[in-house]
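Q: Contents are mmCIF, C-alpha atoms; file name upload_3.cif:
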```cif
data_my_file
loop_
_atom_site.group_PDB
_atom_site.id
_atom_site.type_symbol
_atom_site.label_atom_id
_atom_site.label_comp_id
_atom_site.auth_asym_id
_atom_site.auth_seq_id
_atom_site.Cartn_x
_atom_site.Cartn_y
_atom_site.Cartn_z
ATOM 1 C CA MET A 1 95.119 16.551 -47.563
ATOM 2 C CA GLY A 2 92.017 15.162 -49.214
ATOM 3 C CA GLU A 3 88.872 13.590 -47.853
ATOM 4 C CA ARG A 4 89.379 10.201 -46.225
ATOM 5 C CA GLU A 5 88.103 7.976 -43.448
ATOM 6 C CA THR A 6 89.957 8.457 -40.163
ATOM 7 C CA TRP A 7 89.796 7.004 -36.651
ATOM 8 C CA THR A 8 90.470 8.472 -33.229
ATOM 9 C CA ALA A 9 90.644 7.186 -29.664
ATOM 10 C CA GLU A 10 88.408 9.153 -27.308
ATOM 11 C CA GLU A 11 91.175 9.952 -24.844
ATOM 12 C CA PHE A 12 93.756 11.075 -27.388
ATOM 13 C CA GLY A 13 91.560 12.669 -30.070
ATOM 14 C CA ARG A 14 93.327 14.119 -33.090
ATOM 15 C CA SER A 15 96.731 13.800 -31.427
ATOM 16 C CA HIS A 16 96.599 10.208 -32.650
ATOM 17 C CA GLU A 17 94.230 10.333 -35.611
ATOM 18 C CA GLY A 18 94.731 7.276 -37.782
ATOM 19 C CA TRP A 19 93.964 6.325 -41.374
ATOM 20 C CA VAL A 20 94.875 3.823 -44.079
ATOM 21 C CA GLY A 21 97.865 5.180 -45.953
ATOM 22 C CA VAL A 22 98.933 4.302 -49.491
ATOM 23 C CA VAL A 23 102.424 3.312 -50.602
ATOM 24 C CA LEU A 24 103.351 3.343 -54.305
ATOM 25 C CA ALA A 25 105.634 0.854 -56.054
ATOM 26 C CA ASP A 26 108.578 3.269 -55.785
ATOM 27 C CA GLY A 27 108.002 3.672 -52.036
ATOM 28 C CA GLY A 28 106.464 7.117 -52.418
ATOM 29 C CA VAL A 29 103.246 8.442 -50.923
ATOM 30 C CA PRO A 30 100.728 9.851 -53.424
ATOM 31 C CA GLY A 31 98.989 13.185 -53.161
ATOM 32 C CA PRO A 32 95.199 13.539 -53.148
ATOM 33 C CA VAL A 33 93.198 12.558 -56.222
ATOM 34 C CA PHE A 34 91.137 15.419 -57.611
ATOM 35 C CA PHE A 35 87.662 14.612 -58.834
ATOM 36 C CA ASP A 36 86.348 17.296 -61.185
ATOM 37 C CA SER A 37 82.669 18.060 -60.683
ATOM 38 C CA GLY A 38 82.425 19.237 -64.265
ATOM 39 C CA SER A 39 81.496 22.762 -63.265
ATOM 40 C CA GLY A 40 84.630 24.827 -63.641
ATOM 41 C CA ALA A 41 87.215 24.816 -60.876
ATOM 42 C CA SER A 42 85.042 23.087 -58.285
ATOM 43 C CA GLY A 43 85.657 19.486 -57.315
ATOM 44 C CA ARG A 44 86.838 17.232 -54.511
ATOM 45 C CA SER A 45 90.291 16.196 -53.365
ATOM 46 C CA VAL A 46 90.184 12.637 -52.047
ATOM 47 C CA SER A 47 92.877 10.682 -50.192
ATOM 48 C CA GLN A 48 90.790 7.610 -49.340
ATOM 49 C CA TRP A 49 92.953 4.539 -50.010
ATOM 50 C CA SER A 50 90.369 2.876 -52.253
ATOM 51 C CA VAL A 51 90.666 5.528 -55.011
ATOM 52 C CA TYR A 52 94.294 4.589 -55.772
ATOM 53 C CA ASP A 53 93.547 1.855 -58.301
ATOM 54 C CA GLY A 54 95.366 3.384 -61.286
ATOM 55 C CA ARG A 55 92.158 3.520 -63.262
ATOM 56 C CA ARG A 56 91.087 7.081 -62.492
ATOM 57 C CA LEU A 57 92.425 10.236 -64.080
ATOM 58 C CA ARG A 58 95.639 11.234 -62.222
ATOM 59 C CA GLY A 59 95.120 8.478 -59.635
ATOM 60 C CA PRO A 60 98.228 6.245 -59.273
ATOM 61 C CA ARG A 61 98.029 2.558 -58.322
ATOM 62 C CA ALA A 62 98.697 1.587 -54.709
ATOM 63 C CA ALA A 63 101.314 -1.119 -54.176
ATOM 64 C CA ALA A 64 100.614 -1.522 -50.465
ATOM 65 C CA LEU A 65 98.566 -0.151 -47.606
ATOM 66 C CA ARG A 66 99.782 0.776 -44.140
ATOM 67 C CA ALA A 67 98.377 2.387 -41.031
ATOM 68 C CA VAL A 68 99.367 6.016 -40.508
ATOM 69 C CA CYS A 69 98.934 8.178 -37.410
ATOM 70 C CA SER A 70 98.945 11.955 -37.139
ATOM 71 C CA CYS A 71 101.756 11.656 -34.567
ATOM 72 C CA GLY A 72 104.104 10.451 -37.321
ATOM 73 C CA TRP A 73 103.947 6.717 -36.596
ATOM 74 C CA THR A 74 103.439 4.335 -39.526
ATOM 75 C CA GLY A 75 102.656 0.642 -39.478
ATOM 76 C CA ALA A 76 103.928 -2.270 -41.539
ATOM 77 C CA GLU A 77 103.136 -2.378 -45.242
ATOM 78 C CA HIS A 78 100.425 -4.788 -46.413
ATOM 79 C CA PRO A 79 101.058 -5.486 -50.131
ATOM 80 C CA LEU A 80 98.284 -5.497 -52.717
ATOM 81 C CA ASP A 81 98.488 -8.298 -55.299
ATOM 82 C CA TRP A 82 97.081 -6.778 -58.466
ATOM 83 C CA THR A 83 97.221 -10.088 -60.326
ATOM 84 C CA LEU A 84 94.604 -11.333 -57.862
ATOM 85 C CA ILE A 85 92.699 -8.050 -57.673
ATOM 86 C CA GLY A 86 92.299 -7.830 -61.422
ATOM 87 C CA ASP A 87 89.315 -5.700 -62.391
ATOM 88 C CA ARG A 88 87.641 -5.886 -58.990
ATOM 89 C CA ASP A 89 86.888 -2.697 -57.077
ATOM 90 C CA LEU A 90 89.802 -1.891 -54.753
ATOM 91 C CA ALA A 91 87.474 -0.991 -51.881
ATOM 92 C CA GLU A 92 86.368 -4.635 -51.830
ATOM 93 C CA ALA A 93 89.541 -6.372 -52.980
ATOM 94 C CA GLY A 94 91.786 -4.512 -50.522
ATOM 95 C CA ASP A 95 89.439 -4.760 -47.566
ATOM 96 C CA GLY A 96 91.593 -7.369 -45.815
ATOM 97 C CA GLN A 97 94.703 -5.202 -46.011
ATOM 98 C CA ALA A 98 92.748 -2.158 -44.820
ATOM 99 C CA ASP A 99 91.414 -4.119 -41.832
ATOM 100 C CA ALA A 100 94.987 -5.135 -41.011
ATOM 101 C CA CYS A 101 95.902 -1.438 -40.967
ATOM 102 C CA VAL A 102 93.142 -0.740 -38.444
ATOM 103 C CA ARG A 103 94.473 -3.529 -36.221
ATOM 104 C CA ASP A 104 97.997 -2.112 -36.503
ATOM 105 C CA TRP A 105 96.740 1.321 -35.446
ATOM 106 C CA ASP A 106 94.850 -0.243 -32.521
ATOM 107 C CA GLY A 107 98.161 -1.759 -31.422
ATOM 108 C CA HIS A 108 99.804 1.649 -31.724
ATOM 109 C CA ILE A 109 97.146 3.169 -29.449
ATOM 110 C CA VAL A 110 97.758 0.429 -26.879
ATOM 111 C CA ALA A 111 101.468 1.320 -27.004
ATOM 112 C CA VAL A 112 100.644 5.017 -26.558
ATOM 113 C CA GLU A 113 98.466 4.218 -23.541
ATOM 114 C CA ALA A 114 101.352 2.286 -22.007
ATOM 115 C CA THR A 115 103.571 5.399 -22.107
ATOM 116 C CA THR A 116 101.069 7.698 -20.379
ATOM 117 C CA THR A 117 101.099 8.446 -16.672
ATOM 118 C CA PRO A 118 99.293 5.554 -14.963
ATOM 119 C CA LEU A 119 96.276 6.242 -12.781
ATOM 120 C CA PRO A 120 95.722 4.603 -9.395
ATOM 121 C CA GLU A 121 93.430 1.585 -9.683
ATOM 122 C CA ALA A 122 91.009 3.186 -7.241
ATOM 123 C CA ILE A 123 90.521 6.118 -9.649
ATOM 124 C CA THR A 124 90.005 3.971 -12.760
ATOM 125 C CA ASP A 125 87.561 1.713 -10.887
ATOM 126 C CA LEU A 126 85.658 4.740 -9.586
ATOM 127 C CA LEU A 127 85.402 6.297 -13.059
ATOM 128 C CA GLU A 128 84.159 3.024 -14.560
ATOM 129 C CA ARG A 129 81.573 2.569 -11.817
ATOM 130 C CA LEU A 130 80.390 6.157 -12.161
ATOM 131 C CA GLU A 131 79.926 5.732 -15.904
ATOM 132 C CA GLU A 132 77.988 2.506 -15.381
ATOM 133 C CA GLU A 133 75.717 4.087 -12.769
ATOM 134 C CA ILE A 134 74.935 7.096 -14.955
ATOM 135 C CA GLU A 135 74.161 4.792 -17.896
ATOM 136 C CA LYS A 136 71.704 2.906 -15.661
ATOM 137 C CA LEU A 137 70.180 6.178 -14.515
ATOM 138 C CA THR A 138 69.723 7.266 -18.149
ATOM 139 C CA LYS A 139 67.314 4.364 -18.711
ATOM 140 C CA THR A 140 65.029 5.332 -15.825
ATOM 141 C CA ALA A 141 65.548 9.066 -15.332
ATOM 142 C CA PRO A 142 67.322 10.768 -18.248
ATOM 143 C CA VAL A 143 67.101 14.266 -16.793
ATOM 144 C CA ALA A 144 68.725 13.051 -13.571
ATOM 145 C CA ALA A 145 71.494 11.539 -15.676
ATOM 146 C CA VAL A 146 71.956 14.908 -17.389
ATOM 147 C CA ARG A 147 72.278 16.557 -13.985
ATOM 148 C CA ALA A 148 74.852 13.928 -12.970
ATOM 149 C CA ALA A 149 76.815 14.562 -16.158
ATOM 150 C CA ARG A 150 76.669 18.302 -15.498
ATOM 151 C CA LEU A 151 77.996 17.792 -11.958
ATOM 152 C CA MET A 152 80.821 15.723 -13.427
ATOM 153 C CA GLU A 153 81.696 18.719 -15.606
ATOM 154 C CA VAL A 154 81.616 21.034 -12.591
ATOM 155 C CA THR A 155 83.865 18.664 -10.645
ATOM 156 C CA ALA A 156 86.281 18.367 -13.570
ATOM 157 C CA VAL A 157 86.593 22.149 -13.778
ATOM 158 C CA ARG A 158 87.165 22.446 -10.030
ATOM 159 C CA VAL A 159 89.801 19.728 -9.646
ATOM 160 C CA GLY A 160 91.288 20.346 -13.089
ATOM 161 C CA TYR A 161 92.218 23.914 -12.218
ATOM 162 C CA TRP A 162 94.728 22.942 -9.555
ATOM 163 C CA ALA A 163 95.929 19.891 -11.486
ATOM 164 C CA ALA A 164 96.615 21.972 -14.615
ATOM 165 C CA ASN A 165 98.426 24.693 -12.698
ATOM 166 C CA GLY A 166 100.516 22.114 -10.849
ATOM 167 C CA THR A 167 101.421 20.418 -14.125
ATOM 168 C CA ARG A 168 102.354 23.777 -15.669
ATOM 169 C CA THR A 169 104.714 24.400 -12.733
ATOM 170 C CA ASP A 170 106.259 20.930 -12.594
ATOM 171 C CA LEU A 171 106.603 19.907 -16.250
ATOM 172 C CA SER A 172 107.521 21.319 -19.622
ATOM 173 C CA THR A 173 104.892 21.155 -22.342
ATOM 174 C CA GLU A 174 106.844 18.330 -23.983
ATOM 175 C CA GLN A 175 106.958 16.320 -20.766
ATOM 176 C CA ALA A 176 103.268 16.893 -20.070
ATOM 177 C CA ALA A 177 102.383 15.873 -23.638
ATOM 178 C CA THR A 178 104.233 12.570 -23.254
ATOM 179 C CA ALA A 179 102.574 11.909 -19.914
ATOM 180 C CA LEU A 180 99.116 12.590 -21.356
ATOM 181 C CA GLY A 181 99.577 10.872 -24.715
ATOM 182 C CA LEU A 182 98.787 14.075 -26.603
ATOM 183 C CA ASN A 183 100.684 16.298 -28.990
ATOM 184 C CA GLU A 184 102.049 19.557 -27.609
ATOM 185 C CA ASP A 185 99.365 21.756 -29.174
ATOM 186 C CA ALA A 186 96.565 19.655 -27.675
ATOM 187 C CA THR A 187 98.371 19.651 -24.335
ATOM 188 C CA ARG A 188 98.617 23.451 -24.287
ATOM 189 C CA SER A 189 94.910 23.724 -25.100
ATOM 190 C CA LEU A 190 93.897 21.204 -22.436
ATOM 191 C CA LEU A 191 95.974 22.751 -19.675
ATOM 192 C CA ALA A 192 94.845 26.270 -20.575
ATOM 193 C CA ARG A 193 91.192 25.217 -20.582
ATOM 194 C CA LEU A 194 91.436 23.439 -17.227
ATOM 195 C CA GLY A 195 93.778 25.989 -15.701
ATOM 196 C CA GLY A 196 91.776 28.997 -16.799
ATOM 197 C CA TRP A 197 94.520 30.877 -18.653
ATOM 198 C CA ASN A 198 94.909 32.129 -22.210
ATOM 199 C CA ARG A 199 97.083 29.643 -24.080
ATOM 200 C CA TYR A 200 98.287 32.428 -26.373
ATOM 201 C CA ALA A 201 99.305 34.776 -23.588
#
```
Show how you would write the structure in this file as structure tokens.

A:
Amino acid sequence: MGERETWTAEEFGRSHEGWVGVVLADGGVPGPVFFDSGSGASGRSVSQWSVYDGRRLRGPRAAALRAVCSCGWTGAEHPLDWTLIGDRDLAEAGDGQADACVRDWDGHIVAVEATTTPLPEAITDLLERLEEEIEKLTKTAPVAAVRAARLMEVTAVRVGYWAANGTRTDLSTEQAATALGLNEDATRSLLARLGGWNRYA
């Protein structure tokens, strides 16, 4: 995997990390493009969609772009018309297709959210109000806002302990992952952190 721009949703983190993927004319997915620094074996491997213009050494030409998520989901293909692109830089000429990929991934995240365990409206309203009040406090008394944020952490640890242990008892890791919108590895880490046990034990 080479360097590339990625996006994440705060709640789901790298469980649903998205990026613009490249599709070749034969339907294949290209490997990273290696850029030699000119100093021996050092260099950079890049997978950013805009380098696949067929003009660089060992860099194939992209036929289409599509959104890709680390969970395995892929979006619809958005073709690149090279007769219109011509000699223009792909980063500029393919910007519309890349933006469409971001919108597709946003839709995927909305779909993921819809499959997670819903929260009572009273809880979501309370969390939103608490965030708003702390943001207001930050403008007038930043250190008080820090203390409020710290107390939120303390509360999360306290209530999370019993919630994590109850989840561990009631659900398999796979079931908990689906309910939380995370992959299984992230779910194990989250529950272990909140529940106070060693995830590797």

Q: As a ChimeraX atom specification, please: the residues near range 86-99 of chain A (cut-off 7 Å, all atoms listed in the file, same-chain neighbours under 3 positions excluded).

A: /A:20,50,53,65,78,80,82-83,102-103

Q: May I ask for the distance between CA of Arg55 in chain A and CA of Val29 in chain A, given in Å to one decimal place?

A: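 CA of Val29 in chain A lies at a distance of 17.3 Å from CA of Arg55 in chain A.
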
Q: Just how far from CA of Arg168 in chain A is CA of Ser189 in chain A, in Å to one decimal?

A: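 Going from CA of Ser189 in chain A over to CA of Arg168 in chain A, I get 12.0 Å.
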
Q: Any chance you could work out the residue set of the PyMOL selection byres ((chain A and resi 24) around 8) here, as a PDB file with C-alpha atoms, in the frame of the given file?

A:
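File out_30.pdb, as written:
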```pdb
ATOM      1  CA  VAL A  22      98.933   4.302 -49.491  1.00  0.00           C
ATOM      2  CA  VAL A  23     102.424   3.312 -50.602  1.00  0.00           C
ATOM      3  CA  ALA A  25     105.634   0.854 -56.054  1.00  0.00           C
ATOM      4  CA  ASP A  26     108.578   3.269 -55.785  1.00  0.00           C
ATOM      5  CA  GLY A  27     108.002   3.672 -52.036  1.00  0.00           C
ATOM      6  CA  GLY A  28     106.464   7.117 -52.418  1.00  0.00           C
ATOM      7  CA  VAL A  29     103.246   8.442 -50.923  1.00  0.00           C
ATOM      8  CA  PRO A  30     100.728   9.851 -53.424  1.00  0.00           C
ATOM      9  CA  PRO A  60      98.228   6.245 -59.273  1.00  0.00           C
ATOM     10  CA  ARG A  61      98.029   2.558 -58.322  1.00  0.00           C
ATOM     11  CA  ALA A  62      98.697   1.587 -54.709  1.00  0.00           C
ATOM     12  CA  ALA A  63     101.314  -1.119 -54.176  1.00  0.00           C
ATOM     13  CA  ALA A  64     100.614  -1.522 -50.465  1.00  0.00           C
TER      14      ALA A  64
END
```

Q: Mind listing as an NGL selection string all residues within 6 Å of (100.8, 11.0, -19.9), counting all atoms listed in the file?

A: :A and (116-117 or 178-181)

Q: Using the chain letters and numbering of this document, enumerate as a ChimeraX atom specification the residues selected by the PyMOL selection byres ((chain A and resi 150-157) around 12).

A: /A:127,130-131,134,143-149,158-164,190-196

Q: The PyMOL selection byres ((chain A and resi 17) around 7) on the file shown: which residues, as a list of chain:residue names?

A: A:Thr6, A:Trp7, A:Thr8, A:Gly13, A:Arg14, A:Ser15, A:His16, A:Gly18, A:Cys69, A:Ser70

Q: Take CA of Cys71 in chain A and CA of Asn183 in chain A and report the distance between them in Å, one decimal.

A: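 Interatomic distance, CA of Cys71 in chain A to CA of Asn183 in chain A: 7.3 Å.
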
Q: Do a neighbour search on Arg4 in chain A at 9 Å with all atoms listed in the file, toss out local chain neighbours closer than 4 positions, and write the hits as a PyMOL selection string.

A: chain A and resi 19-20+46-49

Q: Given the point (99.6, 4.5, -35.9) in the coordinates of this file, which residues lie within 6 Å, counting only C-alpha atoms, and how would they look as number ranges by chain?

A: A: 18, 67-69, 73-74, 105, 108

Q: For each of A:Glu3, A:Glu11, A:Gly54, A:Thr124, take the minimum atom-to-atom distance to Pro32 in chain A, counting all atoms listed in the file, then give the residue where this is smallest.

A: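 Among A:Glu3, A:Glu11, A:Gly54, A:Thr124, it is A:Glu3 that comes nearest to Pro32 in chain A.
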
Q: Using the structure just given, write a file holding all heavy atoms for range 99-111 of chain A, as a short mmCIF file (atom, residue, chain, number, x, y, z; two decimals), in the first residue's frame.

A:
```
data_model
loop_
_atom_site.label_atom_id
_atom_site.label_comp_id
_atom_site.auth_asym_id
_atom_site.auth_seq_id
_atom_site.Cartn_x
_atom_site.Cartn_y
_atom_site.Cartn_z
N ASP A 99 -14.50 13.62 -6.60
CA ASP A 99 -15.52 14.16 -5.69
C ASP A 99 -16.73 13.23 -5.63
O ASP A 99 -17.33 13.06 -4.56
CB ASP A 99 -15.96 15.55 -6.16
CG ASP A 99 -14.93 16.62 -5.85
OD1 ASP A 99 -14.01 16.36 -5.05
OD2 ASP A 99 -15.04 17.73 -6.42
N ALA A 100 -17.07 12.63 -6.76
CA ALA A 100 -18.19 11.68 -6.78
C ALA A 100 -17.89 10.47 -5.90
O ALA A 100 -18.77 9.92 -5.23
CB ALA A 100 -18.49 11.24 -8.22
N CYS A 101 -16.61 10.07 -5.88
CA CYS A 101 -16.20 8.95 -5.02
C CYS A 101 -16.38 9.30 -3.54
O CYS A 101 -16.82 8.47 -2.74
CB CYS A 101 -14.74 8.58 -5.29
SG CYS A 101 -14.44 7.87 -6.92
N VAL A 102 -16.03 10.53 -3.18
CA VAL A 102 -16.20 10.97 -1.79
C VAL A 102 -17.68 10.92 -1.41
O VAL A 102 -18.04 10.45 -0.32
CB VAL A 102 -15.63 12.39 -1.58
CG1 VAL A 102 -15.90 12.86 -0.15
CG2 VAL A 102 -14.15 12.43 -1.88
N ARG A 103 -18.54 11.38 -2.31
CA ARG A 103 -19.98 11.35 -2.04
C ARG A 103 -20.48 9.91 -1.90
O ARG A 103 -21.33 9.62 -1.04
CB ARG A 103 -20.75 12.09 -3.12
CG ARG A 103 -20.51 13.60 -3.14
CD ARG A 103 -21.50 14.31 -4.03
NE ARG A 103 -21.35 13.94 -5.43
CZ ARG A 103 -20.53 14.55 -6.28
NH1 ARG A 103 -19.76 15.55 -5.85
NH2 ARG A 103 -20.44 14.17 -7.54
N ASP A 104 -19.96 9.02 -2.72
CA ASP A 104 -20.35 7.61 -2.62
C ASP A 104 -19.95 7.04 -1.26
O ASP A 104 -20.71 6.30 -0.63
CB ASP A 104 -19.68 6.79 -3.73
CG ASP A 104 -20.24 7.10 -5.11
OD1 ASP A 104 -21.31 7.74 -5.19
OD2 ASP A 104 -19.59 6.72 -6.11
N TRP A 105 -18.73 7.38 -0.81
CA TRP A 105 -18.27 6.88 0.48
C TRP A 105 -19.11 7.47 1.61
O TRP A 105 -19.43 6.77 2.57
CB TRP A 105 -16.79 7.22 0.67
CG TRP A 105 -16.23 6.73 1.97
CD1 TRP A 105 -15.80 5.47 2.28
CD2 TRP A 105 -16.04 7.50 3.17
NE1 TRP A 105 -15.35 5.41 3.58
CE2 TRP A 105 -15.50 6.63 4.15
CE3 TRP A 105 -16.29 8.84 3.49
CZ2 TRP A 105 -15.19 7.08 5.43
CZ3 TRP A 105 -15.97 9.28 4.77
CH2 TRP A 105 -15.44 8.40 5.72
N ASP A 106 -19.48 8.74 1.50
CA ASP A 106 -20.36 9.36 2.49
C ASP A 106 -21.67 8.58 2.60
O ASP A 106 -22.18 8.34 3.70
CB ASP A 106 -20.66 10.82 2.13
CG ASP A 106 -19.48 11.75 2.38
OD1 ASP A 106 -18.58 11.37 3.16
OD2 ASP A 106 -19.46 12.85 1.79
N GLY A 107 -22.20 8.18 1.44
CA GLY A 107 -23.42 7.37 1.44
C GLY A 107 -23.21 6.02 2.10
O GLY A 107 -24.10 5.50 2.79
N HIS A 108 -22.04 5.44 1.89
CA HIS A 108 -21.70 4.17 2.54
C HIS A 108 -21.69 4.33 4.05
O HIS A 108 -22.21 3.47 4.78
CB HIS A 108 -20.34 3.70 2.03
CG HIS A 108 -19.73 2.59 2.82
ND1 HIS A 108 -20.33 1.35 2.98
CD2 HIS A 108 -18.56 2.54 3.53
CE1 HIS A 108 -19.56 0.58 3.74
NE2 HIS A 108 -18.49 1.28 4.09
N ILE A 109 -21.12 5.42 4.54
CA ILE A 109 -21.06 5.66 5.99
C ILE A 109 -22.46 5.84 6.56
O ILE A 109 -22.76 5.35 7.66
CB ILE A 109 -20.18 6.89 6.30
CG1 ILE A 109 -18.72 6.59 5.95
CG2 ILE A 109 -20.29 7.28 7.77
CD1 ILE A 109 -18.12 5.40 6.66
N VAL A 110 -23.33 6.51 5.83
CA VAL A 110 -24.73 6.64 6.27
C VAL A 110 -25.37 5.26 6.39
O VAL A 110 -26.09 4.97 7.35
CB VAL A 110 -25.53 7.53 5.29
CG1 VAL A 110 -27.02 7.47 5.60
CG2 VAL A 110 -25.03 8.97 5.36
N ALA A 111 -25.08 4.38 5.42
CA ALA A 111 -25.61 3.01 5.46
C ALA A 111 -25.05 2.24 6.64
O ALA A 111 -25.77 1.46 7.28
CB ALA A 111 -25.31 2.30 4.14
#
```
